[in-house]
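A.B. asks: Right, I'll just put the structure down here and ask away after.
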Protein chains: 2
Amino acid sequence: MNGAESLIRTSVAAGAEVCFTNPGTTEMHLVAALDAVPDMRPVLGLFEGVCTGAADGYGRMADKPALTLLHLGPGFANGIANLHNARRARSPIVNLIGDHAIWHVDADPPLASDIESLARPVSSWVRVAKSPHDLAQDGAEAIAAASRPPGAVATLIVPSDVAWGEAGAPESTIAPESAPLVDAARIDTAAGVLRSGEPAILLLGAHGLREAGLRAAARIAGRMGCRLFCETFPARMERGAGLAALERLPYFPEQVIELLGSTAHLILAGVTEPVAFFGYPQTPSRLVPESCRAHSLARPEEDVGRALEALADVLGAPEESALVAAPARPTRPTGQLSPTTLGSAIAAVQPEGLIVMDEAATSGLPYFLGAGRCPPHTYMSLTGGAIGQGLPCATGAAIACPDRPVLAFQADGSGMYTLQSLWTQARESLDVTTLICANREYRILRIELSRAGISEPGPQALALTDISNPIIDWVELSWALGVPAKRVESAEVLVEELERALAEPGPHLIEAVL
Amino acid sequence: MNGAESLIRTSVAAGAEVCFTNPGTTEMHLVAALDAVPDMRPVLGLFEGVCTGAADGYGRMADKPALTLLHLGPGFANGIANLHNARRARSPIVNLIGDHAIWHVDADPPLASDIESLARPVSSWVRVAKSPHDLAQDGAEAIAAASRPPGAVATLIVPSDVAWGEAGAPESTIAPESAPLVDAARIDTAAGVLRSGEPAILLLGAHGLREAGLRAAARIAGRMGCRLFCETFPARMERGAGLAALERLPYFPEQVIELLGSTAHLILAGVTEPVAFFGYPQTPSRLVPESCRAHSLARPEEDVGRALEALADVLGAPEESALVAAPARPTRPTGQLSPTTLGSAIAAVQPEGLIVMDEAATSGLPYFLGAGRCPPHTYMSLTGGAIGQGLPCATGAAIACPDRPVLAFQADGSGMYTLQSLWTQARESLDVTTLICANREYRILRIELSRAGISEPGPQALALTDISNPIIDWVELSWALGVPAKRVESAEVLVEELERALAEPGPHLIEAVL
């Protein structure tokens, strides 16, 4: 058995099942190993950003790492932006990067570059494999590093001679760690704060947004009357009727400061203290005002769900007091398409169990506000601000959850970053409906220009935020990549097409012209 | 004047005219500065790999840097693969990366990452701007670094508070350096080798492939009878009737070893010693066999053209003895499309002054062999092996040379990496004809599988090198992005469509189904 096969066999033994890849010459022995090990499913992407974004979506939904298999520094570099999002989402991912043979690097061949320097900014764990005999152990450690709660990006660089060299048997896997428990003192502090009767907000993030955490949060809120919020950009949250009804921490810093100015205490469960997404003159980075005291109940890497349960128990909050969302849907919208009618259209028809990947940017907020009482579903968002995450992430989520429909709720400008994802959805017959919000501009930048004091942008600033020249035909793009598509220009037709697309198996795309 | 405006004004004063960009929030003041400084032309790309590849093509043709303006670490990361190619091409490029305000980084906002670590592997010069007052000087030094012969990638990271802060006047520019001259000893050594009467190959690269170098090489070959070769993947070479007729150094290492085994001397002019593109078992990295002696006449960063002229003069080679290609074209091909008929079709109709960007991979070699005696033209190739260079590079070349037609001769698999380039071509009405070689597989990988000893690839290896499921409709993709397109399935129709597209202004795409 060569190193490549020992690595893939070890990965399978550790529970990895999927490999998102666009391989090149230095990966040929790893590709051959995918044939030798039938329990690993390779999924081809036409661009590495598709592969890494899909691994992120897979990791969020499967709670275990997929592999990526990428080609040297440049192939890996194409996947960095979505690994940045994965790092911020704390998604478990193991990147395998094929490198030149160890003895060949010194010749500085054209494709050589400093892969470690590229990998470190997005990886919690980086290793360069040195020997075929150790490659299985390297793989076992990479999977363990990626699986450490709540999840992390691990990158293993595999020189081709390490892949093709003779190796021993696959390694036994490393027992997974569990998330550390929160000590009683922090639970008591939070309980004291809530008992004080002073206004308090409980801010949930990371695994605090899964069912156990939400159930406990609903008990706490029902008992103590605190407000419940989720972080601004959750990697994954369970949502809908029967679950805790959460408000969402706003995006712009002045809104967060105003909100937190209205409370005496902020209890952090699975999040760190809120900071501004961008720095603006005269606005602080850290958004908790002096009048508000922040208390960390559980950090993102700790067992947030059990911390919330323990807090609910300490407070004596019975299950019956849980404050959960009652079922309700908006009525089916009619008339012109807008972010508001778009949001109502989705919320009016979305089936139970839907996975929503929201990269709708400025077109997305009304949907979030309108969907909180829909049938239970999963909501994912753009965690790291690196646009082009939505279509790949939806692709990976569909691979992880073949029995659930997926909606990629997608801004058009961001969607153009990784549109190749549609081809993988067609190839794998994935049940993903992509809804393109075609406002034909980088609207967030129009807003940011004005926030930067550029209230009357000149022709260049306007042109650089305008993508209507030429108009991008998403319907043609989609058909060209194998995904059936329709354009809609009214809310009535959108509702109809969305309902049909979500009900039919396989991928669909709807371009909603705003 | 703020820092941003002082930087853009300094860049214009130093001769920069074009800025390829996809900006974000941290770049808003730099965007506003583009309105304040009308001599800088912004060109929008829908993806950063388009911007950096276009800057590479622009730099190769304009011999001076364009700016790129990119958004933080992830936006820059999307451009790394094509910067890798630019680094290998030694193209002059100045990257401006907007970063968070200096005081904001410590808060670790979602888009923060280690930009320097990402930038170093592809940049010869990296600086983080510290103060608005120094930003103009930083810019002047970045342009000087990028312009140092033969060219380099320089990266200036601009925190947003440095861009928006009050600054002084723009800096005066830094006088450009010229390429160092080669000392007489190396010229004498090369002359001695050629006079020895032993078989010799003169291998040209970098600026040795421009007109002055080629003219001198033709004199040398005419006088001394040595063989002339160009490097395997030239960044830019002038070619055609009336210029030195060069053979091309082969791609696979065993072919290079065989070639060099047939000569006693290898004279290097603008290149370093040939190395294998990839490492294979039982094949050395360095390809000059013991029976051949390598002599460096001029390194790529030296004045290769003048070194060749000096060598021609020392050898007493008169202009009249110059061995140049006589004009000739292949006849117009008929019948089935194949790499051979594709190559003849282009060579049969290409107009004088055409710029050919060849990323046709396995479909491209016959064209190179057939076009050596066509009317004079410029040939560019994939220098760093990071696929997805062709369409962006052709885009930038067309911006640099608005009076010359450009042909993007493009493999389909590689083309899918940066297809967003077509939109920029449509937006800017660029005279680029894209010829897609649609063999619907990663054919080079089929070859590499076999070279790796995987002579009977299994179903996964076959599937991962096959992009025909689903078939990508390049004609629809092209129309969707604003570029008129046709599909051709015979050589006759290809010739006709190619002639029409090359003659008509504006962008066109032809999908040639192989």
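How things are named: the first chain in the structure tokens is A, the next is B, and so on; residues count from 1 in each chain; ligands count from 1 in the order shown.
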Would you kindly report the residues of chain B within 6 Å of chain A, using only C-alpha atoms, as a PyMOL selection string?
C.D. replies: chain B and resi 28+31+35+47+74+78+81+101+104+109-111+114+117-118+121+277+279+285+384-386+417+427+449+458+460-461+469-470+472-473+476-477+480-482
A.B. asks: If you count only C-alpha atoms, which residues fall within 12 Å of Ile174 in chain A, apart from same-chain ones fewer than 4 positions away, as a ChimeraX atom specification?
C.D. replies: /A:10-11,13-15,136-148
A.B. asks: Please extract the residues of range 9-189 of chain B with a backbone DSSP assignment of helix (DSSP H, G or I) and present them as a PyMOL selection string.
C.D. replies: chain B and resi 9-13+25-36+48-62+72-78+80-89+102-107+115-122+132-147+160-164+184-189
A.B. asks: Quick one: pull the distance between CA of Asp63 in chain A and CA of Ala152 in chain A, Å, one decimal.
C.D. replies: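 Computing it gives 10.9 Å between the two atoms.
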A.B. asks: Measuring between only C-alpha atoms, which one of A:Gly240, A:Pro405, A:Gly192, A:Pro92 shows the shortest distance to Ser123 in chain A?
C.D. replies: A:Pro92
A.B. asks: List the neighbours of Asn439 in chain B out to 8 Å using only C-alpha atoms; skip same-chain residues closer than 5 positions along the sequence, and give me the result as a PDB file with N, CA and C atoms, in the first residue's frame.
C.D. replies:
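In the end it all went to result_20.pdb:
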```pdb
ATOM      1  N   ALA B 411      -8.221  26.284 -23.268  1.00  0.00           N
ATOM      2  CA  ALA B 411      -8.765  24.975 -22.884  1.00  0.00           C
ATOM      3  C   ALA B 411     -10.050  25.175 -22.085  1.00  0.00           C
ATOM      4  N   ASP B 412     -10.976  24.243 -22.217  1.00  0.00           N
ATOM      5  CA  ASP B 412     -12.266  24.431 -21.539  1.00  0.00           C
ATOM      6  C   ASP B 412     -12.179  24.283 -20.024  1.00  0.00           C
ATOM      7  N   VAL B 513     -15.845  22.306 -30.725  1.00  0.00           N
ATOM      8  CA  VAL B 513     -16.105  21.009 -30.083  1.00  0.00           C
ATOM      9  C   VAL B 513     -15.145  19.974 -30.651  1.00  0.00           C
ATOM     10  N   LEU B 514     -14.282  19.468 -29.820  1.00  0.00           N
ATOM     11  CA  LEU B 514     -13.245  18.511 -30.273  1.00  0.00           C
ATOM     12  C   LEU B 514     -13.728  17.076 -30.108  1.00  0.00           C
TER      13      LEU B 514
END
```
A.B. asks: Measuring between only C-alpha atoms, which one of B:Val304, B:Leu266, B:Phe20, B:Met61 shows the shortest distance to Pro180 in chain B?
C.D. replies: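 Between B:Val304, B:Leu266, B:Phe20, B:Met61, the residue approaching Pro180 in chain B most closely is B:Val304.
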A.B. asks: Hey, which of B:Leu246, B:Ala269, B:Leu369, B:Val50 ends up closest to Arg299 in chain B? Count only C-alpha atoms.
C.D. replies: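 Of B:Leu246, B:Ala269, B:Leu369, B:Val50, the one nearest Arg299 in chain B is B:Ala269, counting only C-alpha atoms.
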A.B. asks: For a quick check of understanding, using only C-alpha atoms, which of A:Ala360, A:Leu156, A:Ala394, A:Leu407 has the smallest distance to Arg443 in chain A?
C.D. replies: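 Looking at the shortest contact to Arg443 in chain A, the residue is A:Ala360.
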A.B. asks: At a cut-off of 8 Å, using only C-alpha atoms, what residues contact range 343-346 of chain B? Leave out same-chain residues fewer than 4 positions from it and give the result as a list in words.
C.D. replies: Pro330, Thr331, Arg332, Pro333, Pro339, Gln350, Gly364, Leu365, Pro366, Tyr367, Phe368, Gly370, Ala371, Ala491, Leu494, Val495 and Leu498 of chain B
A.B. asks: Once you have the residues from the selection above, write them out as a short mmCIF file (atom, residue, chain, number, x, y, z; two decimals), in the first residue's frame, restricted to C-alpha atoms.
C.D. replies:
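Saved the output as again35.cif:
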```cif
data_model
loop_
_atom_site.label_atom_id
_atom_site.label_comp_id
_atom_site.auth_asym_id
_atom_site.auth_seq_id
_atom_site.Cartn_x
_atom_site.Cartn_y
_atom_site.Cartn_z
CA PRO B 330 -0.72 26.50 -43.40
CA THR B 331 -3.58 26.00 -45.83
CA ARG B 332 -7.07 26.38 -44.47
CA PRO B 333 -7.94 23.06 -42.87
CA PRO B 339 -5.78 20.06 -32.03
CA GLN B 350 -4.38 35.22 -38.01
CA GLY B 364 -2.41 23.94 -28.16
CA LEU B 365 0.85 22.40 -29.36
CA PRO B 366 0.05 22.01 -33.08
CA TYR B 367 -0.81 25.70 -33.25
CA PHE B 368 2.60 26.70 -31.94
CA GLY B 370 2.24 25.83 -37.33
CA ALA B 371 2.34 29.57 -36.64
CA ALA B 491 -12.61 23.02 -39.48
CA LEU B 494 -14.06 27.34 -37.63
CA VAL B 495 -11.89 29.09 -40.22
CA LEU B 498 -12.48 32.85 -36.67
#
```
A.B. asks: What are the DSSP strand (DSSP E) residues of range 178-285 of chain A, as a count of residues only?
C.D. replies: 19
A.B. asks: Which one is closest to Ala86 in chain A: A:Leu337, A:Val18, A:Met380, A:Ile436? Count only C-alpha atoms.
C.D. replies: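 When distances to Ala86 in chain A are compared using only C-alpha atoms, the smallest one comes from A:Met380.
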A.B. asks: Between CA of Ile93 in chain B and CA of Gln389 in chain B, what is the spacing in Å?
C.D. replies: 15.0 Å
A.B. asks: Leaving out Ser381 in chain A and any residue of its chain fewer than 3 positions from it, which residues lie within 7 Å of it when counting only C-alpha atoms, given as a VMD selection string?
C.D. replies: chain A and resid 233 to 235 357 to 359
A.B. asks: I need the residue nearest Ser421 in chain B from this list: B:Ala347, B:Cys393, B:Leu259, B:Ala264. Use only C-alpha atoms for the distance.
C.D. replies: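 Going through B:Ala347, B:Cys393, B:Leu259, B:Ala264 one by one, the smallest distance to Ser421 in chain B is for B:Cys393.
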A.B. asks: Can you list, as number ranges by chain, every protein, DNA or RNA residue that comes within 12 Å of Glu238 in chain A when you count only C-alpha atoms, leaving out same-chain residues fewer than 2 positions away?
C.D. replies: A: 60-61, 204-215, 230, 234-236, 240-246, 352-356, 371-380
A.B. asks: With a distance cut-off of 8 Å and only C-alpha atoms, select the neighbouring residues of Leu202 in chain A, excluding the residue or stretch itself and same-chain residues fewer than 2 positions from it, and output the selection as a short mmCIF file (atom, residue, chain, number, x, y, z; two decimals) with N, CA and C atoms, in the first residue's frame.
C.D. replies:
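Result file is result.cif:
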```
data_model
loop_
_atom_site.label_atom_id
_atom_site.label_comp_id
_atom_site.auth_asym_id
_atom_site.auth_seq_id
_atom_site.Cartn_x
_atom_site.Cartn_y
_atom_site.Cartn_z
N ALA A 200 -31.47 42.35 30.80
CA ALA A 200 -30.39 41.49 30.31
C ALA A 200 -30.72 40.94 28.93
N LEU A 204 -26.71 34.35 21.79
CA LEU A 204 -26.32 32.97 21.48
C LEU A 204 -25.53 32.90 20.17
N CYS A 226 -35.54 37.65 30.05
CA CYS A 226 -34.46 38.32 29.31
C CYS A 226 -34.76 38.26 27.81
N ARG A 227 -34.12 39.14 27.04
CA ARG A 227 -34.26 39.08 25.58
C ARG A 227 -33.25 38.09 25.02
N LEU A 228 -33.63 37.39 23.97
CA LEU A 228 -32.74 36.42 23.33
C LEU A 228 -32.32 36.95 21.96
N PHE A 229 -31.03 36.91 21.70
CA PHE A 229 -30.49 37.30 20.39
C PHE A 229 -29.56 36.21 19.87
N LEU A 266 -25.12 41.77 29.29
CA LEU A 266 -25.07 40.96 28.08
C LEU A 266 -24.42 39.64 28.45
N ILE A 267 -25.20 38.56 28.35
CA ILE A 267 -24.66 37.23 28.67
C ILE A 267 -24.29 36.54 27.37
N LEU A 268 -23.04 36.12 27.27
CA LEU A 268 -22.50 35.58 26.01
C LEU A 268 -22.48 34.06 26.08
N ALA A 269 -23.19 33.42 25.17
CA ALA A 269 -23.26 31.95 25.17
C ALA A 269 -22.86 31.45 23.78
#
```
